[in-house]
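Novice: Just one file: structure.cif, with mmCIF, C-alpha atoms.
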```cif
data_input
#
loop_
_atom_site.group_PDB
_atom_site.id
_atom_site.type_symbol
_atom_site.label_atom_id
_atom_site.label_comp_id
_atom_site.auth_asym_id
_atom_site.auth_seq_id
_atom_site.Cartn_x
_atom_site.Cartn_y
_atom_site.Cartn_z
ATOM 1 C CA MET A 1 -83.402 -16.238 79.351
ATOM 2 C CA GLU A 2 -84.433 -19.828 78.581
ATOM 3 C CA ILE A 3 -87.681 -19.221 80.518
ATOM 4 C CA TYR A 4 -88.786 -16.688 77.894
ATOM 5 C CA PHE A 5 -87.755 -19.054 75.115
ATOM 6 C CA PHE A 6 -89.794 -21.906 76.641
ATOM 7 C CA VAL A 7 -92.896 -19.730 76.992
ATOM 8 C CA LEU A 8 -92.555 -18.158 73.536
ATOM 9 C CA ALA A 9 -92.061 -21.591 71.959
ATOM 10 C CA ALA A 10 -95.209 -22.878 73.688
ATOM 11 C CA LEU A 11 -97.262 -19.913 72.442
ATOM 12 C CA LEU A 12 -95.975 -20.362 68.897
ATOM 13 C CA TYR A 13 -96.717 -24.095 68.966
ATOM 14 C CA LEU A 14 -100.299 -23.394 70.048
ATOM 15 C CA SER A 15 -100.753 -20.669 67.439
ATOM 16 C CA CYS A 16 -99.486 -22.936 64.669
ATOM 17 C CA ALA A 17 -101.603 -25.838 65.902
ATOM 18 C CA PHE A 18 -104.910 -24.083 65.300
ATOM 19 C CA LEU A 19 -104.224 -21.905 62.274
ATOM 20 C CA PRO A 20 -106.324 -22.847 59.218
ATOM 21 C CA SER A 21 -104.449 -25.218 56.926
ATOM 22 C CA SER A 22 -104.568 -22.626 54.130
ATOM 23 C CA TYR A 23 -101.879 -20.670 56.043
ATOM 24 C CA ARG A 24 -99.333 -23.313 55.098
ATOM 25 C CA ALA A 25 -96.287 -21.024 54.893
ATOM 26 C CA ALA A 26 -97.094 -19.337 58.232
ATOM 27 C CA ILE A 27 -97.626 -22.711 59.918
ATOM 28 C CA SER A 28 -94.378 -24.122 58.556
ATOM 29 C CA GLY A 29 -92.331 -21.015 59.414
ATOM 30 C CA GLY A 30 -93.875 -20.594 62.847
ATOM 31 C CA THR A 31 -93.283 -24.249 63.674
ATOM 32 C CA VAL A 32 -89.622 -23.943 62.688
ATOM 33 C CA ILE A 33 -89.149 -20.822 64.832
ATOM 34 C CA ALA A 34 -90.898 -22.463 67.806
ATOM 35 C CA TRP A 35 -88.774 -25.583 67.334
ATOM 36 C CA MET A 36 -85.558 -23.551 67.296
ATOM 37 C CA LEU A 37 -86.544 -21.624 70.432
ATOM 38 C CA HIS A 38 -87.479 -24.912 72.100
ATOM 39 C CA GLY A 39 -84.101 -26.428 71.181
ATOM 40 C CA VAL A 40 -82.052 -23.448 72.378
ATOM 41 C CA ALA A 41 -83.937 -23.392 75.686
ATOM 42 C CA LEU A 42 -83.482 -27.143 76.168
ATOM 43 C CA TRP A 43 -79.754 -26.893 75.451
ATOM 44 C CA ALA A 44 -79.299 -24.026 77.915
ATOM 45 C CA ASP A 45 -81.384 -25.758 80.583
ATOM 46 C CA ALA A 46 -80.186 -29.357 80.297
ATOM 47 C CA ILE A 47 -76.538 -29.157 79.264
ATOM 48 C CA ALA A 48 -73.763 -27.654 81.357
ATOM 49 C CA PRO A 49 -69.995 -28.236 81.408
ATOM 50 C CA GLY A 50 -69.402 -31.662 82.949
ATOM 51 C CA SER A 51 -73.050 -32.374 83.779
ATOM 52 C CA LEU A 52 -76.541 -33.045 82.435
ATOM 53 C CA ARG A 53 -79.911 -32.114 83.880
ATOM 54 C CA LEU A 54 -82.208 -35.127 83.621
ATOM 55 C CA GLY A 55 -85.738 -35.911 84.693
ATOM 56 C CA PHE A 56 -89.127 -36.871 83.319
ATOM 57 C CA ALA A 57 -89.918 -33.295 82.184
ATOM 58 C CA ILE A 58 -86.624 -32.817 80.337
ATOM 59 C CA MET A 59 -86.992 -36.237 78.708
ATOM 60 C CA LEU A 60 -90.587 -35.589 77.642
ATOM 61 C CA SER A 61 -89.770 -32.093 76.374
ATOM 62 C CA THR A 62 -86.799 -33.369 74.355
ATOM 63 C CA THR A 63 -88.871 -36.236 72.959
ATOM 64 C CA LEU A 64 -91.560 -33.827 71.740
ATOM 65 C CA TRP A 65 -88.882 -31.489 70.378
ATOM 66 C CA ILE A 66 -87.593 -34.246 68.092
ATOM 67 C CA SER A 67 -91.154 -35.372 67.337
ATOM 68 C CA VAL A 68 -91.995 -31.869 66.080
ATOM 69 C CA LEU A 69 -89.065 -32.084 63.657
ATOM 70 C CA MET A 70 -90.246 -35.497 62.453
ATOM 71 C CA TYR A 71 -93.786 -34.151 61.981
ATOM 72 C CA TRP A 72 -92.480 -31.139 60.040
ATOM 73 C CA LEU A 73 -90.365 -33.307 57.725
ATOM 74 C CA GLU A 74 -93.071 -35.938 57.295
ATOM 75 C CA ASN A 75 -95.695 -33.303 56.480
ATOM 76 C CA ARG A 76 -93.490 -31.937 53.694
ATOM 77 C CA ASN A 77 -93.436 -35.339 51.992
ATOM 78 C CA PHE A 78 -97.038 -36.398 52.628
ATOM 79 C CA ALA A 79 -100.339 -34.647 53.316
ATOM 80 C CA LEU A 80 -100.280 -35.137 57.086
ATOM 81 C CA ASP A 81 -101.441 -31.710 58.239
ATOM 82 C CA SER A 82 -103.820 -33.344 60.745
ATOM 83 C CA LEU A 83 -100.776 -34.363 62.786
ATOM 84 C CA ARG A 84 -100.610 -30.721 63.881
ATOM 85 C CA VAL A 85 -103.551 -30.989 66.262
ATOM 86 C CA LEU A 86 -101.839 -33.913 68.010
ATOM 87 C CA VAL A 87 -98.142 -33.023 67.941
ATOM 88 C CA LEU A 88 -98.020 -29.247 68.415
ATOM 89 C CA PRO A 89 -100.381 -28.937 71.429
ATOM 90 C CA SER A 90 -98.506 -31.827 73.064
ATOM 91 C CA ALA A 91 -95.233 -30.009 72.378
ATOM 92 C CA ALA A 92 -96.674 -26.781 73.794
ATOM 93 C CA VAL A 93 -97.380 -28.545 77.089
ATOM 94 C CA ALA A 94 -94.100 -30.463 77.132
ATOM 95 C CA VAL A 95 -91.993 -27.382 76.410
ATOM 96 C CA ILE A 96 -92.931 -25.682 79.688
ATOM 97 C CA LEU A 97 -92.725 -28.778 81.910
ATOM 98 C CA PRO A 98 -88.987 -28.324 82.692
ATOM 99 C CA LEU A 99 -89.855 -24.957 84.246
ATOM 100 C CA LEU A 100 -92.196 -26.699 86.683
ATOM 101 C CA PHE A 101 -90.229 -29.917 87.220
ATOM 102 C CA PRO A 102 -86.501 -29.193 86.741
ATOM 103 C CA GLY A 103 -85.270 -32.712 87.516
ATOM 104 C CA SER A 104 -81.778 -33.386 88.854
ATOM 105 C CA VAL A 105 -78.253 -32.510 87.769
ATOM 106 C CA VAL A 106 -76.178 -35.587 86.946
ATOM 107 C CA PRO A 107 -72.373 -35.044 87.002
ATOM 108 C CA LEU A 108 -70.557 -36.719 84.109
ATOM 109 C CA ASP A 109 -67.270 -37.038 85.984
ATOM 110 C CA GLY A 110 -66.380 -40.685 86.437
ATOM 111 C CA LYS A 111 -69.101 -41.869 84.063
ATOM 112 C CA SER A 112 -68.433 -43.663 80.819
ATOM 113 C CA SER A 113 -68.202 -41.592 77.646
ATOM 114 C CA LEU A 114 -71.047 -43.802 76.412
ATOM 115 C CA PHE A 115 -73.496 -42.225 78.856
ATOM 116 C CA PRO A 116 -74.487 -39.221 76.668
ATOM 117 C CA TRP A 117 -74.790 -41.529 73.652
ATOM 118 C CA HIS A 118 -77.054 -43.879 75.584
ATOM 119 C CA ILE A 119 -79.299 -40.942 76.514
ATOM 120 C CA ALA A 120 -79.308 -39.600 72.940
ATOM 121 C CA VAL A 121 -80.243 -42.959 71.388
ATOM 122 C CA ALA A 122 -82.957 -43.490 74.010
ATOM 123 C CA ILE A 123 -84.498 -40.087 73.255
ATOM 124 C CA LEU A 124 -84.388 -40.769 69.507
ATOM 125 C CA ALA A 125 -86.121 -44.108 70.090
ATOM 126 C CA TYR A 126 -88.802 -42.508 72.262
ATOM 127 C CA SER A 127 -89.312 -39.708 69.724
ATOM 128 C CA THR A 128 -89.663 -42.031 66.750
ATOM 129 C CA LEU A 129 -92.164 -44.233 68.553
ATOM 130 C CA THR A 130 -94.029 -41.144 69.813
ATOM 131 C CA ILE A 131 -94.587 -40.032 66.216
ATOM 132 C CA ALA A 132 -95.603 -43.615 65.387
ATOM 133 C CA ALA A 133 -98.218 -43.421 68.161
ATOM 134 C CA PHE A 134 -99.562 -40.091 66.843
ATOM 135 C CA HIS A 135 -99.601 -41.662 63.397
ATOM 136 C CA ALA A 136 -101.580 -44.637 64.736
ATOM 137 C CA VAL A 137 -104.137 -42.302 66.333
ATOM 138 C CA LEU A 138 -104.646 -40.611 62.955
ATOM 139 C CA MET A 139 -105.190 -44.022 61.370
ATOM 140 C CA VAL A 140 -107.801 -44.897 64.006
ATOM 141 C CA VAL A 141 -109.654 -41.651 63.229
ATOM 142 C CA GLN A 142 -109.244 -42.191 59.493
ATOM 143 C CA GLU A 143 -110.584 -45.748 59.665
ATOM 144 C CA SER A 144 -113.491 -44.654 61.852
ATOM 145 C CA LYS A 145 -114.333 -41.892 59.361
ATOM 146 C CA LEU A 146 -114.404 -44.417 56.518
ATOM 147 C CA HIS A 147 -116.970 -46.449 58.438
ATOM 148 C CA THR A 148 -119.203 -43.381 58.889
ATOM 149 C CA ARG A 149 -119.446 -42.566 55.178
ATOM 150 C CA GLY A 150 -123.056 -41.859 54.272
ATOM 151 C CA ARG A 151 -123.869 -40.818 57.830
ATOM 152 C CA ALA A 152 -123.862 -37.307 59.209
ATOM 153 C CA VAL A 153 -120.385 -36.348 60.431
ATOM 154 C CA GLN A 154 -119.124 -33.107 61.896
ATOM 155 C CA GLY A 155 -117.047 -30.871 59.694
ATOM 156 C CA GLY A 156 -114.191 -28.571 60.576
ATOM 157 C CA TRP A 157 -110.574 -28.230 59.584
ATOM 158 C CA PHE A 158 -109.501 -31.423 61.331
ATOM 159 C CA ALA A 159 -112.144 -33.477 59.500
ATOM 160 C CA ALA A 160 -111.021 -31.883 56.236
ATOM 161 C CA ALA A 161 -107.388 -32.680 57.077
ATOM 162 C CA ILE A 162 -108.322 -36.309 57.757
ATOM 163 C CA ASP A 163 -109.940 -36.443 54.318
ATOM 164 C CA ARG A 164 -106.660 -35.289 52.772
ATOM 165 C CA LEU A 165 -104.608 -38.024 54.411
ATOM 166 C CA PRO A 166 -102.980 -40.597 52.130
ATOM 167 C CA ALA A 167 -104.794 -43.905 51.664
ATOM 168 C CA LEU A 168 -104.833 -46.222 54.689
ATOM 169 C CA LEU A 169 -102.413 -48.611 52.980
ATOM 170 C CA THR A 170 -99.907 -45.770 52.520
ATOM 171 C CA MET A 171 -100.438 -44.640 56.103
ATOM 172 C CA GLU A 172 -99.833 -48.211 57.237
ATOM 173 C CA LYS A 173 -96.562 -48.429 55.301
ATOM 174 C CA LEU A 174 -95.403 -45.171 56.889
ATOM 175 C CA LEU A 175 -96.405 -46.461 60.327
ATOM 176 C CA PHE A 176 -94.388 -49.653 60.007
ATOM 177 C CA ARG A 177 -91.420 -47.724 58.648
ATOM 178 C CA LEU A 178 -91.468 -45.588 61.791
ATOM 179 C CA ILE A 179 -91.928 -48.615 64.058
ATOM 180 C CA ALA A 180 -89.064 -50.505 62.419
ATOM 181 C CA PHE A 181 -86.698 -47.542 62.822
ATOM 182 C CA GLY A 182 -87.869 -46.936 66.385
ATOM 183 C CA PHE A 183 -87.442 -50.621 67.223
ATOM 184 C CA ILE A 184 -83.819 -50.554 66.027
ATOM 185 C CA LEU A 185 -83.120 -47.508 68.194
ATOM 186 C CA LEU A 186 -84.938 -49.055 71.156
ATOM 187 C CA SER A 187 -82.912 -52.245 70.714
ATOM 188 C CA LEU A 188 -79.705 -50.195 70.834
ATOM 189 C CA THR A 189 -81.002 -48.475 73.972
ATOM 190 C CA VAL A 190 -81.727 -51.802 75.651
ATOM 191 C CA LEU A 191 -78.386 -53.255 74.530
ATOM 192 C CA SER A 192 -76.370 -50.298 75.832
ATOM 193 C CA GLY A 193 -78.320 -50.426 79.091
ATOM 194 C CA VAL A 194 -77.544 -54.122 79.534
ATOM 195 C CA VAL A 195 -73.926 -54.183 78.364
ATOM 196 C CA PHE A 196 -72.773 -50.901 79.907
ATOM 197 C CA SER A 197 -75.038 -50.702 82.943
ATOM 198 C CA GLU A 198 -72.209 -50.836 85.456
ATOM 199 C CA ALA A 199 -70.206 -48.180 83.603
ATOM 200 C CA LEU A 200 -73.172 -45.932 82.861
ATOM 201 C CA PHE A 201 -75.062 -46.031 86.147
ATOM 202 C CA GLY A 202 -72.553 -47.371 88.671
ATOM 203 C CA LYS A 203 -74.673 -50.401 89.548
ATOM 204 C CA ALA A 204 -75.422 -53.785 88.106
ATOM 205 C CA PHE A 205 -78.294 -54.368 85.738
ATOM 206 C CA LYS A 206 -81.470 -55.063 87.682
ATOM 207 C CA TRP A 207 -85.147 -55.584 86.989
ATOM 208 C CA ASP A 208 -86.580 -52.316 88.222
ATOM 209 C CA HIS A 209 -89.798 -50.715 86.924
ATOM 210 C CA LYS A 210 -87.997 -48.859 84.149
ATOM 211 C CA THR A 211 -86.317 -52.009 82.882
ATOM 212 C CA VAL A 212 -89.471 -54.106 83.035
ATOM 213 C CA PHE A 213 -91.584 -51.584 81.111
ATOM 214 C CA THR A 214 -88.822 -50.954 78.550
ATOM 215 C CA MET A 215 -88.368 -54.664 77.891
ATOM 216 C CA LEU A 216 -92.128 -55.177 77.679
ATOM 217 C CA SER A 217 -92.429 -52.341 75.140
ATOM 218 C CA TRP A 218 -89.469 -53.728 73.164
ATOM 219 C CA ALA A 219 -91.142 -57.150 73.111
ATOM 220 C CA LEU A 220 -94.486 -55.710 71.959
ATOM 221 C CA PHE A 221 -92.941 -53.816 69.058
ATOM 222 C CA GLY A 222 -90.792 -56.829 68.169
ATOM 223 C CA ILE A 223 -93.817 -59.149 68.151
ATOM 224 C CA LEU A 224 -95.695 -56.646 65.991
ATOM 225 C CA LEU A 225 -92.907 -56.523 63.398
ATOM 226 C CA VAL A 226 -92.604 -60.326 63.341
ATOM 227 C CA GLY A 227 -96.385 -60.677 63.087
ATOM 228 C CA ARG A 228 -96.410 -58.157 60.248
ATOM 229 C CA LYS A 229 -93.782 -60.067 58.281
ATOM 230 C CA TRP A 230 -94.914 -63.645 58.888
ATOM 231 C CA ARG A 231 -98.645 -63.317 59.554
ATOM 232 C CA GLY A 232 -99.490 -60.143 57.661
ATOM 233 C CA TRP A 233 -100.793 -58.295 60.745
ATOM 234 C CA ARG A 234 -102.408 -54.975 59.933
ATOM 235 C CA GLY A 235 -105.425 -52.838 60.773
ATOM 236 C CA LYS A 236 -106.704 -52.895 64.331
ATOM 237 C CA THR A 237 -104.152 -55.487 65.451
ATOM 238 C CA ALA A 238 -101.244 -53.280 64.348
ATOM 239 C CA LEU A 239 -102.787 -50.148 65.854
ATOM 240 C CA THR A 240 -103.496 -51.887 69.175
ATOM 241 C CA PHE A 241 -99.913 -53.175 69.429
ATOM 242 C CA THR A 242 -98.523 -49.756 68.505
ATOM 243 C CA LEU A 243 -100.522 -47.794 71.076
ATOM 244 C CA THR A 244 -100.004 -50.412 73.790
ATOM 245 C CA GLY A 245 -96.267 -50.531 73.114
ATOM 246 C CA PHE A 246 -96.024 -46.737 73.187
ATOM 247 C CA THR A 247 -97.995 -46.485 76.449
ATOM 248 C CA THR A 248 -95.740 -49.092 78.031
ATOM 249 C CA LEU A 249 -92.641 -47.243 76.837
ATOM 250 C CA LEU A 250 -94.017 -43.974 78.203
ATOM 251 C CA LEU A 251 -94.413 -45.634 81.600
ATOM 252 C CA ALA A 252 -90.858 -46.982 81.425
ATOM 253 C CA TYR A 253 -89.080 -43.703 82.013
ATOM 254 C CA VAL A 254 -91.480 -40.755 82.019
ATOM 255 C CA GLY A 255 -94.059 -42.517 84.191
ATOM 256 C CA SER A 256 -91.580 -43.958 86.682
ATOM 257 C CA ARG A 257 -89.601 -40.693 86.912
ATOM 258 C CA PHE A 258 -92.841 -38.717 87.398
ATOM 259 C CA VAL A 259 -93.764 -40.905 90.365
ATOM 260 C CA LEU A 260 -90.273 -40.631 91.880
ATOM 261 C CA GLU A 261 -89.778 -36.895 91.291
ATOM 262 C CA VAL A 262 -93.283 -35.513 91.815
ATOM 263 C CA VAL A 263 -95.108 -38.031 93.990
ATOM 264 C CA LEU A 264 -92.234 -39.356 96.105
ATOM 265 C CA HIS A 265 -89.963 -36.271 95.767
ATOM 266 C CA ARG A 266 -86.871 -38.359 95.028
ATOM 267 C CA GLY A 267 -84.072 -37.397 92.671
ATOM 268 C CA LEU A 268 -82.386 -39.475 90.028
ATOM 269 C CA SER A 269 -80.808 -42.667 91.210
#
```
Represent the structure contained in this file as structure tokens.

Specialist:
Amino acid sequence: MEIYFFVLAALLYLSCAFLPSSYRAAISGGTVIAWMLHGVALWADAIAPGSLRLGFAIMLSTTLWISVLMYWLENRNFALDSLRVLVLPSAAVAVILPLLFPGSVVPLDGKSSLFPWHIAVAILAYSTLTIAAFHAVLMVVQESKLHTRGRAVQGGWFAAAIDRLPALLTMEKLLFRLIAFGFILLSLTVLSGVVFSEALFGKAFKWDHKTVFTMLSWALFGILLVGRKWRGWRGKTALTFTLTGFTTLLLAYVGSRFVLEVVLHRGLS
């Protein structure tokens, strides 16, 4: 049954992504329905009594599921309709990935009760910083559009949506609010991974690819927040740090698991 839910959610995401912005109620309602179908399918696919199904596809799908909720809530408070063309098509792709790459079943017997919490906090951190990355992309487009004023630019609903975005200073405040929250969650993820590594994973903490990329991403976002507070970093510097930090974080789990599961055909270790 979850297969139909995954496919239907993907179709609804795509439909809502490219509807004209004047269909606000239909977009909002369709996004909510797609999000609910996505969530039900994820729950049925990933959670079973005494076990979890984990893998890069499940992680990416769950991350986009939470990101869709953040987009929907953020768009209700600010005019951020242009996020649709970034978030919803990405969610439409991510929602069907677990059907193609099911990952591995991880028994919870013998594992610490902190294991599900560690996974939940990690996904929340990834989701928050994913929305921050989408937000940064919008700011890049918005800044570029400001520099092309007076020159011929292409129209269309996305260009119109960019014009309706809040001022760059407001966008920047929202971006750093997301980054700060995501950094706190990422710090908790790193801390739980370090302190409870033996209990969570049955082996001592070690510097594997996932750890290296996670710590590098954590450092990049931390440096950005410190630079923002003490040196007033903004503009291109902030956007570069945000997108680099997000790319590094994406490589930490999704990238490394993709290589192991798809390229090397190895399960979770």

Novice: Go through the shown structure with the PyMOL selection byres ((chain A and resi 218) around 9) and write out the matching residues as a list in words.

Specialist: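 Applied to this file, the PyMOL selection byres ((chain A and resi 218) around 9) selects Phe183, Leu186, Ser187, Val190, Phe213, Thr214, Met215, Leu216, Ser217, Ala219, Leu220, Phe221, Gly222, Ile223, Gly245 and Leu249 of chain A.
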
Novice: What's the separation between atom CA of A:Ala10 and atom CA of A:Leu52, in Å to one decimal place?

Specialist: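 The value is 23.0 Å.
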
Novice: Using Å and a single decimal, report how far atom CA of A:Trp233 sits from atom CA of A:His209.

Specialist: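 Taking atom CA of A:His209 and atom CA of A:Trp233, their separation equals 29.4 Å.
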
Novice: How would you write, as number ranges by chain, the residues chosen by the PyMOL selection byres ((chain A and resi 136-145) around 12) on this structure?

Specialist: A: 80-87, 129-135, 146-155, 158-176, 178-179, 234-246

Novice: In Å, how far is it from atom CA of A:Gly30 to atom CA of A:Tyr71?

Specialist: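 Separation of atom CA of A:Gly30 and atom CA of A:Tyr71: 13.6 Å.
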
Novice: Between A:Thr247, A:Ser51, A:Ser104, A:Ser61, which residue has the minimum interatomic distance to A:Leu88, considering only C-alpha atoms?

Specialist: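 Between A:Thr247, A:Ser51, A:Ser104, A:Ser61, the residue approaching A:Leu88 most closely is A:Ser61.
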
Novice: Which residue gives the smallest distance to A:Ile27 among A:Trp72, A:Phe6, A:Ile58, A:Gly193, with only C-alpha atoms counted?

Specialist: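 Of A:Trp72, A:Phe6, A:Ile58, A:Gly193, the one nearest A:Ile27, counting only C-alpha atoms, is A:Trp72.
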
Novice: Can you turn the PyMOL selection byres ((chain A and resi 34) around 8) into a concrete residue list for this file, as a PyMOL selection string?

Specialist: chain A and resi 8-10+12-13+30-33+35-38

Novice: Which centre and which edge lengths, in Å to one decimal, describe the axis-aligned box that holds all listed atoms of stretch 233-252 of chain A after 3 Å is added on each side, as JSON?

Specialist:
```
{"center_x": -98.8, "center_y": -51.1, "center_z": 70.8, "size_x": 21.8, "size_y": 20.3, "size_z": 27.7}
```

Novice: For a cut-off of 9 Å around (-94.1, -37.3, 73.4), file coordinates, pick out all residues using all atoms listed in the file and list them as a list in words.

Specialist: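 Residues close enough to count: Met59, Leu60, Ser61, Thr62, Thr63, Leu64, Trp65, Ile66, Ser67, Val87, Ser90, Ala91, Ala94, Tyr126, Ser127, Leu129, Thr130, Ile131, Phe134 and Leu250 of chain A.
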
Novice: Identify, on the basis of all atoms listed in the file, every residue whose closest approach to stretch 40-50 of chain A does not exceed 6 Å; exclude the query and any residue fewer than 3 positions from it along the same chain; express the result as a compact mmCIF listing (two decimals) with C-alpha atoms, in the coordinates of the input.

Specialist:
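Result file result_13.txt:
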```txt
# COMPACT_ATOMS: atom_id res chain seq x y z
CA GLU A 2 -84.43 -19.83 78.58
CA PHE A 5 -87.76 -19.05 75.11
CA LEU A 37 -86.54 -21.62 70.43
CA ARG A 53 -79.91 -32.11 83.88
CA LEU A 108 -70.56 -36.72 84.11
```

Novice: Please fill the gaps in stretch 101-109 of chain A so it has all heavy atoms, and write that as a short mmCIF file (atom, residue, chain, number, x, y, z; two decimals), in the coordinates of the input.

Specialist:
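As a result, result-v3.cif now contains:
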```cif
data_model
loop_
_atom_site.label_atom_id
_atom_site.label_comp_id
_atom_site.auth_asym_id
_atom_site.auth_seq_id
_atom_site.Cartn_x
_atom_site.Cartn_y
_atom_site.Cartn_z
N PHE A 101 -90.87 -28.73 86.64
CA PHE A 101 -90.23 -29.92 87.22
C PHE A 101 -88.81 -30.00 86.67
O PHE A 101 -88.56 -30.64 85.64
CB PHE A 101 -91.01 -31.18 86.87
CG PHE A 101 -92.48 -31.10 87.21
CD1 PHE A 101 -93.42 -30.85 86.22
CD2 PHE A 101 -92.91 -31.25 88.52
CE1 PHE A 101 -94.77 -30.77 86.53
CE2 PHE A 101 -94.26 -31.17 88.83
CZ PHE A 101 -95.18 -30.93 87.84
N PRO A 102 -87.85 -29.32 87.31
CA PRO A 102 -86.50 -29.19 86.74
C PRO A 102 -85.66 -30.47 86.75
O PRO A 102 -84.63 -30.52 86.09
CB PRO A 102 -85.86 -28.12 87.63
CG PRO A 102 -86.60 -28.20 88.92
CD PRO A 102 -88.01 -28.55 88.57
N GLY A 103 -86.06 -31.49 87.48
CA GLY A 103 -85.27 -32.71 87.52
C GLY A 103 -84.03 -32.57 88.37
O GLY A 103 -83.98 -31.74 89.28
N SER A 104 -83.01 -33.36 88.06
CA SER A 104 -81.78 -33.39 88.85
C SER A 104 -80.57 -33.24 87.95
O SER A 104 -80.58 -33.68 86.80
CB SER A 104 -81.66 -34.70 89.64
OG SER A 104 -82.79 -34.89 90.47
N VAL A 105 -79.51 -32.65 88.49
CA VAL A 105 -78.25 -32.51 87.77
C VAL A 105 -77.42 -33.76 87.99
O VAL A 105 -77.20 -34.19 89.12
CB VAL A 105 -77.48 -31.26 88.23
CG1 VAL A 105 -76.12 -31.19 87.55
CG2 VAL A 105 -78.29 -30.00 87.96
N VAL A 106 -76.98 -34.37 86.89
CA VAL A 106 -76.18 -35.59 86.95
C VAL A 106 -74.76 -35.25 86.50
O VAL A 106 -74.54 -34.94 85.32
CB VAL A 106 -76.77 -36.68 86.04
CG1 VAL A 106 -75.90 -37.94 86.07
CG2 VAL A 106 -78.20 -37.00 86.46
N PRO A 107 -73.76 -35.30 87.40
CA PRO A 107 -72.37 -35.04 87.00
C PRO A 107 -71.88 -36.14 86.06
O PRO A 107 -72.21 -37.32 86.23
CB PRO A 107 -71.61 -35.07 88.33
CG PRO A 107 -72.65 -34.91 89.39
CD PRO A 107 -73.89 -35.53 88.85
N LEU A 108 -71.10 -35.75 85.05
CA LEU A 108 -70.56 -36.72 84.11
C LEU A 108 -69.18 -37.22 84.51
O LEU A 108 -68.67 -38.17 83.91
CB LEU A 108 -70.48 -36.08 82.71
CG LEU A 108 -71.82 -35.69 82.09
CD1 LEU A 108 -71.60 -35.06 80.72
CD2 LEU A 108 -72.74 -36.89 81.98
N ASP A 109 -68.59 -36.60 85.53
CA ASP A 109 -67.27 -37.04 85.98
C ASP A 109 -67.34 -38.47 86.49
O ASP A 109 -68.19 -38.82 87.31
CB ASP A 109 -66.76 -36.13 87.12
CG ASP A 109 -66.48 -34.72 86.64
OD1 ASP A 109 -66.28 -34.55 85.42
OD2 ASP A 109 -66.46 -33.80 87.48
#
```
